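model08.txt (compact mmCIF, C-alpha atoms)
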# COMPACT_ATOMS: atom_id res chain seq x y z
CA ARG A 1 36.36 162.11 -243.05
CA HIS A 2 35.02 165.67 -242.89
CA GLY A 3 31.95 164.45 -240.94
CA GLN A 4 34.11 162.50 -238.54
CA ALA A 5 36.42 165.47 -238.04
CA GLY A 6 33.40 167.67 -237.33
CA ARG A 7 32.05 165.29 -234.74
CA GLN A 8 35.50 165.06 -233.13
CA ALA A 9 35.70 168.83 -232.95
CA GLY A 10 32.26 168.94 -231.38
CA ARG A 11 33.32 166.45 -228.72
CA GLN A 12 36.47 168.44 -227.99
CA ALA A 13 34.38 171.56 -227.56
CA GLY A 14 32.27 169.62 -225.01
CA GLY A 15 28.97 170.86 -226.45
CA GLY A 16 26.06 169.66 -228.50
CA ARG A 17 23.57 166.90 -227.91
CA HIS A 18 25.57 164.47 -230.06
CA GLY A 19 28.63 164.96 -227.85
CA ARG A 20 26.60 164.36 -224.71
CA ALA A 21 24.89 161.28 -226.20
CA GLU A 22 28.22 159.74 -227.17
CA GLN A 23 29.65 160.49 -223.72
CA GLN A 24 26.64 158.79 -222.09
CA GLN A 25 27.04 155.80 -224.41
CA GLN A 26 30.75 155.52 -223.46
CA GLN A 27 29.85 155.65 -219.76
CA TYR A 28 27.21 152.96 -220.26
CA GLN A 29 29.63 150.68 -222.11
CA GLN A 30 32.29 151.19 -219.42
CA GLN A 31 29.78 150.21 -216.73
CA ARG A 32 28.76 147.12 -218.69
CA ARG A 33 32.42 146.10 -218.99
CA LEU A 34 32.87 146.46 -215.25
CA GLU A 35 29.75 144.39 -214.59
CA HIS A 36 31.05 141.55 -216.73
CA GLU A 37 34.55 141.34 -215.25
CA ARG A 38 35.34 137.85 -214.01
CA PRO A 39 35.35 137.41 -210.25
CA PRO A 40 38.87 136.61 -208.95
CA SER A 41 37.62 133.54 -207.08
CA VAL A 42 36.59 131.68 -210.23
CA SER A 43 38.78 128.64 -210.75
CA ILE A 44 41.15 128.32 -213.71
CA ALA A 45 38.97 125.59 -215.23
CA ILE A 46 35.95 127.88 -215.13
CA GLN A 47 37.89 130.91 -216.36
CA ARG A 48 38.82 129.05 -219.51
CA ARG A 49 35.12 128.70 -220.26
CA LEU A 50 34.47 132.37 -219.51
CA CYS A 51 37.10 133.73 -221.88
CA GLY A 52 34.85 133.75 -224.97
CA LYS A 53 33.95 137.11 -226.44
CA GLU A 54 30.20 136.59 -226.16
CA THR A 55 28.38 137.35 -222.91
CA LEU A 56 24.91 136.79 -221.55
CA ASN A 57 23.85 139.96 -223.37
CA SER A 58 25.82 139.28 -226.55
CA GLY A 59 24.72 140.71 -229.86
CA ARG A 60 23.79 144.26 -230.69
CA LYS A 61 24.82 145.94 -227.46
CA GLY A 62 23.09 149.11 -226.42
CA ARG A 63 19.75 148.39 -228.09
CA ARG A 64 16.87 148.14 -225.70
CA GLY A 65 15.48 144.91 -227.12
CA ASP A 66 18.82 143.11 -226.88
CA ARG A 67 19.52 144.34 -223.37
CA ARG A 68 16.38 142.50 -222.26
CA ARG A 69 17.17 139.39 -224.29
CA ARG A 70 19.43 136.99 -222.42
CA THR A 71 21.12 134.03 -224.00
CA ILE A 72 23.14 131.39 -222.23
CA SER A 73 25.64 130.42 -224.95
CA MET A 74 28.12 133.01 -223.66
CA ALA A 75 31.28 131.14 -224.60
CA SER A 76 32.12 129.05 -227.64
CA LEU A 77 31.86 125.31 -227.08
CA ASP A 78 35.41 123.92 -226.86
CA MET A 79 34.53 120.47 -228.19
CA THR A 80 35.20 118.75 -231.49
CA PRO A 81 32.26 117.30 -233.48
CA GLY A 82 33.48 113.85 -232.49
CA GLU A 83 33.44 114.75 -228.79
CA VAL A 84 29.96 116.22 -229.09
CA LYS A 85 28.74 113.02 -230.73
CA LEU A 86 30.33 110.86 -228.02
CA LEU A 87 28.74 113.01 -225.32
CA GLN A 88 25.27 113.01 -226.83
CA GLU A 89 25.27 109.28 -227.52
CA SER A 90 26.47 108.35 -224.02
CA ALA A 91 24.06 110.82 -222.38
CA ALA A 92 21.14 109.36 -224.31
CA VAL A 93 22.12 105.81 -223.26
CA LEU A 94 22.72 106.74 -219.60
CA GLN A 95 19.71 109.02 -219.23
CA GLY A 96 17.58 106.26 -217.72
CA ARG A 97 20.24 105.84 -215.03
CA GLY A 98 20.59 109.58 -214.52
CA PRO A 99 19.43 109.64 -210.87
CA GLU A 100 21.88 106.83 -210.09
CA VAL A 101 24.75 108.77 -211.69
CA ALA A 102 23.77 111.99 -209.91
CA THR A 103 23.44 110.23 -206.55
CA LYS A 104 26.93 108.77 -206.92
CA MET A 105 28.19 112.18 -207.98
CA TYR A 106 26.86 113.85 -204.82
CA ASP A 107 28.17 110.97 -202.67
CA ASN A 108 31.63 111.54 -204.17
CA PHE A 109 31.29 115.31 -203.81
CA PHE A 110 30.29 115.24 -200.13
CA SER A 111 32.85 112.55 -199.33
CA ALA A 112 35.67 114.69 -200.75
CA HIS A 113 34.29 117.99 -199.41
CA PRO A 114 32.11 117.36 -196.35
CA GLU A 115 32.43 121.02 -195.34
CA LEU A 116 30.19 121.99 -198.29
CA LYS A 117 27.26 119.78 -197.33
CA TYR A 118 25.64 122.45 -195.20
CA TYR A 119 24.92 124.53 -198.32
CA PHE A 120 22.31 121.96 -199.31
CA SER A 121 18.93 121.26 -197.77
CA THR A 122 18.69 118.14 -195.61
CA CYS A 123 15.21 117.64 -197.09
CA PHE A 124 16.81 117.03 -200.49
CA LEU A 125 19.54 114.69 -199.25
CA GLY A 126 17.44 111.87 -197.82
CA LYS A 127 17.72 108.73 -199.94
CA LYS A 128 14.67 106.79 -201.11
CA ALA A 129 14.43 103.60 -203.15
CA SER A 130 13.78 104.06 -206.87
CA ASP A 131 10.61 102.76 -208.51
CA ASP A 132 12.26 99.43 -209.26
CA GLY A 133 13.67 99.25 -205.74
CA LYS A 134 17.21 98.66 -207.00
CA VAL A 135 18.82 102.06 -206.45
CA GLU A 136 18.48 104.57 -203.63
CA THR A 137 18.41 108.14 -204.90
CA THR A 138 17.86 111.58 -203.44
CA LEU A 139 15.39 114.23 -204.54
CA MET A 140 18.31 116.53 -205.32
CA ALA A 141 19.90 113.83 -207.50
CA LYS A 142 16.67 113.41 -209.50
CA VAL A 143 16.49 117.14 -210.20
CA MET A 144 20.20 117.33 -211.06
CA ALA A 145 19.94 114.29 -213.35
CA HIS A 146 17.17 115.90 -215.41
CA ILE A 147 19.12 119.12 -215.78
CA LEU A 148 22.52 117.59 -216.45
CA PHE A 149 21.46 115.02 -219.02
CA GLN A 150 19.14 117.32 -220.94
CA PHE A 151 21.84 119.97 -221.07
CA CYS A 152 24.38 117.44 -222.34
CA ILE A 153 22.07 115.95 -224.96
CA ASN A 154 21.30 119.48 -226.19
CA ILE A 155 24.81 120.87 -225.63
CA LYS A 156 24.80 122.73 -228.97
CA ASP A 157 21.41 124.37 -228.37
CA LEU A 158 21.33 125.39 -224.70
CA ASP A 159 19.29 128.53 -225.30
CA LYS A 160 16.12 126.45 -225.16
CA PHE A 161 16.89 125.90 -221.44
CA LYS A 162 17.63 129.52 -220.53
CA ASP A 163 14.56 129.72 -218.28
CA ASP A 164 15.67 126.62 -216.39
CA CYS A 165 19.17 128.06 -216.14
CA GLU A 166 17.70 131.22 -214.61
CA ARG A 167 15.71 129.23 -212.05
CA VAL A 168 18.59 126.99 -210.99
CA SER A 169 21.01 129.93 -210.87
CA ALA A 170 18.63 131.92 -208.68
CA LYS A 171 18.48 129.00 -206.25
CA HIS A 172 22.29 128.83 -206.21
CA VAL A 173 22.52 132.57 -205.53
CA SER A 174 20.09 132.22 -202.63
CA ARG A 175 22.18 129.40 -201.13
CA GLY A 176 25.51 131.17 -201.59
CA ILE A 177 26.92 128.56 -204.00
CA LYS A 178 30.40 129.73 -205.05
CA PRO A 179 32.10 129.39 -208.48
CA GLU A 180 34.96 127.33 -207.04
CA PHE A 181 32.51 124.55 -206.08
CA TYR A 182 31.90 123.57 -209.71
CA PRO A 183 35.28 121.94 -210.47
CA TYR A 184 34.83 119.78 -207.35
CA LEU A 185 31.43 118.68 -208.65
CA GLY A 186 32.95 118.00 -212.07
CA ASP A 187 35.54 115.70 -210.51
CA ALA A 188 32.78 113.90 -208.63
CA LEU A 189 30.75 113.50 -211.83
CA ILE A 190 33.63 111.92 -213.74
CA GLU A 191 34.18 109.37 -210.96
CA ALA A 192 30.45 108.60 -210.90
CA LEU A 193 30.37 108.07 -214.68
CA LYS A 194 33.45 105.86 -214.52
CA ASP A 195 31.81 103.72 -211.84
CA THR A 196 28.46 103.53 -213.63
CA ILE A 197 29.76 102.75 -217.12
CA GLY A 198 32.37 100.29 -215.89
CA ALA A 199 33.89 97.95 -218.47
CA ASN A 200 31.80 99.50 -221.27
CA LEU A 201 33.71 102.76 -221.08
CA VAL A 202 34.70 104.06 -224.54
CA ASP A 203 37.87 106.07 -225.11
CA GLY A 204 37.23 109.81 -225.06
CA VAL A 205 33.82 109.68 -223.33
CA LEU A 206 34.99 110.99 -219.98
CA GLU A 207 36.98 113.77 -221.61
CA ALA A 208 33.88 114.80 -223.57
CA TRP A 209 31.77 114.82 -220.40
CA ARG A 210 34.33 116.95 -218.57
CA LYS A 211 34.46 119.53 -221.33
CA ALA A 212 30.67 119.65 -221.43
CA PHE A 213 30.41 120.00 -217.66
CA ASP A 214 32.95 122.84 -217.62
CA HIS A 215 30.98 124.62 -220.34
CA ILE A 216 27.71 124.21 -218.42
CA ALA A 217 29.42 125.30 -215.20
CA ALA A 218 30.64 128.48 -216.90
CA LEU A 219 27.08 129.08 -218.04
CA PHE A 220 25.82 128.92 -214.45
CA VAL A 221 28.71 130.98 -213.05
CA GLU A 222 28.03 133.83 -215.46
CA THR A 223 24.25 133.72 -214.88
CA GLU A 224 24.70 133.62 -211.11
CA LYS A 225 27.13 136.53 -211.24
CA ARG A 226 24.55 138.63 -213.08
CA ILE A 227 21.69 137.68 -210.76
CA SER A 228 23.84 138.42 -207.70
CA ALA A 229 24.63 141.90 -209.04
CA GLU A 230 20.98 142.58 -209.81
CA VAL A 231 19.87 141.47 -206.35
CA ARG A 232 22.65 143.35 -204.57
CA ASN A 233 22.27 146.61 -206.48
CA GLN A 234 18.48 146.95 -206.32
CA PRO A 235 17.05 149.43 -203.77
CA GLY A 236 17.10 147.69 -200.40
CA GLY A 237 19.07 144.75 -201.80
CA TRP A 238 21.89 142.86 -200.13
CA GLU A 239 24.26 139.95 -200.72
CA GLY A 240 24.73 136.84 -198.62
CA PHE A 241 22.85 136.30 -195.38
CA ARG A 242 21.37 139.10 -193.30
CA LYS A 243 19.96 138.93 -189.78
CA PHE A 244 16.27 139.56 -189.13
CA LYS A 245 14.33 139.59 -185.88
CA VAL A 246 10.87 138.06 -185.42
CA VAL A 247 8.55 140.90 -184.39
CA SER A 248 5.18 139.17 -184.77
CA VAL A 249 3.79 135.61 -184.72
CA LYS A 250 0.16 134.96 -185.68
CA GLU A 251 -1.82 131.79 -186.36
CA GLU A 252 -4.24 131.97 -189.25
CA CYS A 253 -6.42 129.71 -191.37
CA ASP A 254 -6.11 130.54 -195.01
CA SER A 255 -6.58 128.43 -198.12
CA MET A 256 -3.80 130.41 -199.82
CA SER A 257 -1.11 129.55 -197.27
CA GLN A 258 2.44 129.65 -198.53
CA HIS A 259 4.62 126.59 -198.51
CA SER A 260 8.19 125.52 -198.99
CA ASP A 261 9.68 124.37 -202.28
CA GLU A 262 9.53 120.64 -201.53
CA ASP A 263 5.85 120.31 -200.51
CA ASP A 264 2.57 119.68 -202.26
CA PHE A 265 -0.05 122.43 -202.02
CA ASP A 266 -2.71 121.72 -199.44
CA GLU A 267 -5.80 123.92 -199.39
CA ASP A 268 -7.61 125.13 -196.26
CA ASP A 269 -4.62 124.49 -194.03
CA LYS A 270 -3.70 126.35 -190.88
CA LYS A 271 -0.59 128.44 -191.03
CA THR A 272 1.59 130.49 -188.73
CA VAL A 273 2.55 133.89 -190.09
CA TYR A 274 5.91 135.36 -189.06
CA THR A 275 6.82 139.02 -189.54
CA LEU A 276 10.54 139.91 -189.37
CA GLU A 277 12.51 143.13 -189.56
CA PRO A 278 16.26 143.67 -190.21
CA VAL A 279 18.45 144.16 -187.15
CA ASP A 280 21.25 146.09 -188.87
CA GLY A 281 19.48 149.44 -188.73
CA ASN A 282 18.85 149.60 -192.49
CA LYS A 283 15.06 149.35 -192.67
CA THR A 284 14.79 149.49 -196.47
CA LEU A 285 13.91 146.19 -198.18
CA PRO A 286 13.47 145.37 -201.90
CA GLU A 287 10.12 145.61 -203.61
CA HIS A 288 8.38 142.25 -203.35
CA LYS A 289 7.60 140.28 -206.51
CA PHE A 290 4.97 137.56 -206.32
CA GLY A 291 6.42 134.07 -206.03
CA GLN A 292 9.87 135.11 -204.78
CA TYR A 293 11.57 132.98 -202.16
CA VAL A 294 14.30 133.43 -199.58
CA CYS A 295 16.86 131.01 -198.23
CA ILE A 296 16.92 130.55 -194.45
CA ARG A 297 20.03 129.38 -192.60
CA PHE A 298 19.15 126.99 -189.79
CA HIS A 299 21.21 126.14 -186.72
CA MET A 300 19.55 122.98 -185.41
CA LYS A 301 21.49 121.31 -182.59
CA ASP A 302 24.88 120.51 -184.14
CA VAL A 303 23.65 120.83 -187.74
CA VAL A 304 23.75 123.90 -189.99
CA THR A 305 21.55 123.63 -193.07
CA HIS A 306 19.58 125.75 -195.53
CA ARG A 307 16.13 125.66 -197.03
CA ASN A 308 14.16 127.91 -199.37
CA TYR A 309 10.74 129.26 -198.47
CA THR A 310 8.36 131.38 -200.51
CA LEU A 311 7.75 134.85 -199.13
CA GLN A 312 4.16 135.76 -198.47
CA SER A 313 4.99 139.45 -198.86
CA ILE A 314 7.26 142.32 -197.92
CA THR A 315 5.02 144.72 -196.00
CA ASP A 316 6.17 148.00 -194.41
CA ASN A 317 9.79 146.93 -195.04
CA LYS A 318 9.28 143.70 -193.13
CA LEU A 319 9.51 140.11 -194.39
CA VAL A 320 6.29 138.12 -194.02
CA LEU A 321 6.62 134.34 -194.09
CA ALA A 322 3.89 131.73 -193.54
CA ILE A 323 4.47 128.12 -192.53
CA LYS A 324 1.75 125.48 -192.81
CA SER A 325 1.02 123.52 -189.66
CA ALA A 326 0.96 120.31 -191.69
CA ASP A 327 4.48 120.82 -193.08
CA GLU A 328 6.44 117.74 -191.99
CA ALA A 329 9.89 118.95 -193.06
CA PRO A 330 12.43 119.11 -190.20
CA THR A 331 13.17 122.77 -190.89
CA SER A 332 9.47 123.70 -190.87
CA LYS A 333 8.96 121.84 -187.61
CA HIS A 334 11.92 123.75 -186.22
CA ILE A 335 10.38 127.07 -187.25
CA LEU A 336 6.99 126.24 -185.73
CA ALA A 337 8.56 125.07 -182.47
CA GLN A 338 11.39 127.57 -182.03
CA TRP A 339 10.57 130.88 -183.68
CA LYS A 340 9.24 133.30 -181.08
CA GLU A 341 9.16 137.08 -180.93
CA GLY A 342 12.71 138.35 -180.57
CA GLU A 343 14.31 135.33 -182.31
CA VAL A 344 17.07 136.35 -184.76
CA ILE A 345 17.17 134.50 -188.10
CA GLU A 346 19.50 134.67 -191.13
CA PHE A 347 17.91 135.28 -194.54
CA SER A 348 19.27 135.59 -198.06
CA PRO A 349 17.66 138.25 -200.33
CA PRO A 350 14.44 137.39 -202.21
CA VAL A 351 15.05 135.87 -205.64
CA GLY A 352 13.48 133.65 -208.27
CA THR A 353 9.98 132.34 -208.71
CA PHE A 354 8.40 129.54 -206.73
CA LEU A 355 7.85 126.33 -208.73
CA LEU A 356 6.84 122.81 -207.94
CA LEU A 357 9.66 120.48 -208.97
CA GLU A 358 7.38 118.70 -211.44
CA SER A 359 7.05 121.90 -213.48
CA LEU A 360 10.71 122.10 -214.43
CA ALA A 361 10.99 122.01 -218.23
CA VAL A 362 14.04 119.75 -218.03

Could you express the structure from this file as structure tokens?
Amino acid sequence: RHGQAGRQAGRQAGGGRHGRAEQQQQQYQQQRRLEHERPPSVSIAIQRRLCGKETLNSGRKGRRGDRRRRTISMASLDMTPGEVKLLQESAAVLQGRGPEVATKMYDNFFSAHPELKYYFSTCFLGKKASDDGKVETTLMAKVMAHILFQFCINIKDLDKFKDDCERVSAKHVSRGIKPEFYPYLGDALIEALKDTIGANLVDGVLEAWRKAFDHIAALFVETEKRISAEVRNQPGGWEGFRKFKVVSVKEECDSMSQHSDEDDFDEDDKKTVYTLEPVDGNKTLPEHKFGQYVCIRFHMKDVVTHRNYTLQSITDNKLVLAIKSADEAPTSKHILAQWKEGEVIEFSPPVGTFLLLESLAV
């Protein structure tokens, strides 16, 4: 008690290194609380999953090692052991039909909310027949199926997928995916499961899937909120889409040409290098990290769409982007045909790390 009283007196006097250290610690904790406040736009369903006491940096707060360590089990799992068992068993059985379920889910989602389709790349939405030729699926559905089913099967041990959560969340941040989209996608998933399972539907399965989806959605919402803050608050950072003007166009031949996130690497290919500067008068851009990508908003005829491209560099506070001549994607063809000096383009801030889809752990 005497020691505590002495420390209190020291703080009241406003002097001493201990008083200053404790004041700095209080300021740090206050800032951390502000950073983790829930955004007002998050839906009620998602807020219920965000109300747990743990956060992405849960544990021994304030210690340097724990501030770097990020976990993704930020809220307690609101499922009974019986519901977890139902979920894991049905996910294991349906996993082979995952792309079919995910394709139906996106069909339901876009049918109910067509205004949200432009957030997704047209290159991912084209349907192709499956290996057995029975079901037409999209590339986006295949990726989503891997993520969704592995997360559900391992719902009690999601930390093993924290790297995948970071990668997917970074892509969502680049596209401007909003928290309120997730409940819509959850509704679409339940309808897809109901249609796929059919007469074999067991009581309680859909409820278990919905609880699991809401938990996973909360995981992504919290991760995306943190990434957005990091990107926005870094020197030269910004949020959303920002206009840049093409100031230079050069054709080169380089075996290390950059490519978009849906293409195979092709050595010794010609490329066109575009240099762009911001038009808003703020010439400061973030420090470039190798492998980062940006999202570009395209206005092609009557269609608005988005696609991610790896940055070649940020040089002299200018974005440098290279497009391979052999890139057959509609957006890449649009760039090669339409981007001239003076053209104004919308870019999201650089995020993430470029990966071929096949390298996803899930």

Practice task
Show me as JSON, numbers by chain the residues that reach within 12 Å of (26.0, 110.9, -204.3), counting only C-alpha atoms and using the file's own coordinates.
Solution key: {"A": [98, 99, 100, 101, 102, 103, 104, 105, 106, 107, 108, 109, 110, 111, 112, 113, 114, 117, 124, 125, 126, 127, 135, 136, 137, 138, 139, 140, 141, 142, 144, 145, 185, 188, 189, 191, 192, 193, 195]}

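Using only C-alpha atoms for every distance, the candidate list A:Ile197, A:Val231, A:Ile155, A:Val93 yields A:Val231 as the residue closest to Ala170 in chain A.
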
Practice task
Find, counting all atoms listed in the file, the residue in A:Gly291, A:Gly240, A:Gly82, A:Pro278 that gets nearest to Val205 in chain A.
Solution key: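 Selected residue with least distance to Val205 in chain A: A:Gly82.
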
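Using all atoms listed in the file, the smallest distance between any of A:Phe347, A:Phe244, A:Tyr309, A:Phe290 and Ala329 in chain A comes from A:Tyr309.
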
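All residues of protein, DNA or RNA that reach within 9 Å of Tyr119 in chain A, judged by all atoms listed in the file and not counting those fewer than 4 positions away in the chain, are Glu115, Arg175, Gly176, Ile177, Arg297, Val304, Thr305, His306 and Arg307 of chain A.
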
Problem - Nearest candidate to Asp159 in chain A (options A:His299, A:Ile216, A:Ile190, A:Gly96; using only C-alpha atoms) - result: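 Using only C-alpha atoms, Asp159 in chain A sits closest to A:Ile216.
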
Problem - For CA of Lys340 in chain A and CA of Lys301 in chain A, the interatomic separation in Å (one decimal) - result: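 Going from CA of Lys340 in chain A over to CA of Lys301 in chain A covers 17.2 Å.
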
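Between Lys289 in chain A and the residues A:Val351, A:Ile345, A:Leu148, A:Cys253, the shortest atom-to-atom distance, using only C-alpha atoms, involves A:Val351.
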
Practice task
Could you check which of A:Thr310, A:Thr275, A:Ser174, A:Ser76 is closest to Trp339 in chain A, using only C-alpha atoms?
Solution key: A:Thr275

Practice task
Have a look at CA of Pro349 in chain A and CA of Thr223 in chain A and let me know their distance in Å, one decimal.
Solution key: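 Atom-to-atom, CA of Pro349 in chain A and CA of Thr223 in chain A are spaced 16.6 Å apart.
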
Practice task
Tell me, in Å to one decimal, how far CA of Val173 in chain A is from CA of Gln338 in chain A.
Solution key: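 Spanning CA of Val173 in chain A to CA of Gln338 in chain A is a straight-line distance of 26.5 Å.
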
Exercise for the section: Quick one: everything within 7 Å of Ile153 in chain A, counting all atoms listed in the file, minus sequence neighbours fewer than 3 positions away in the same chain. Send it as a ChimeraX atom specification. Expected result: /A:88,91-92,149-150
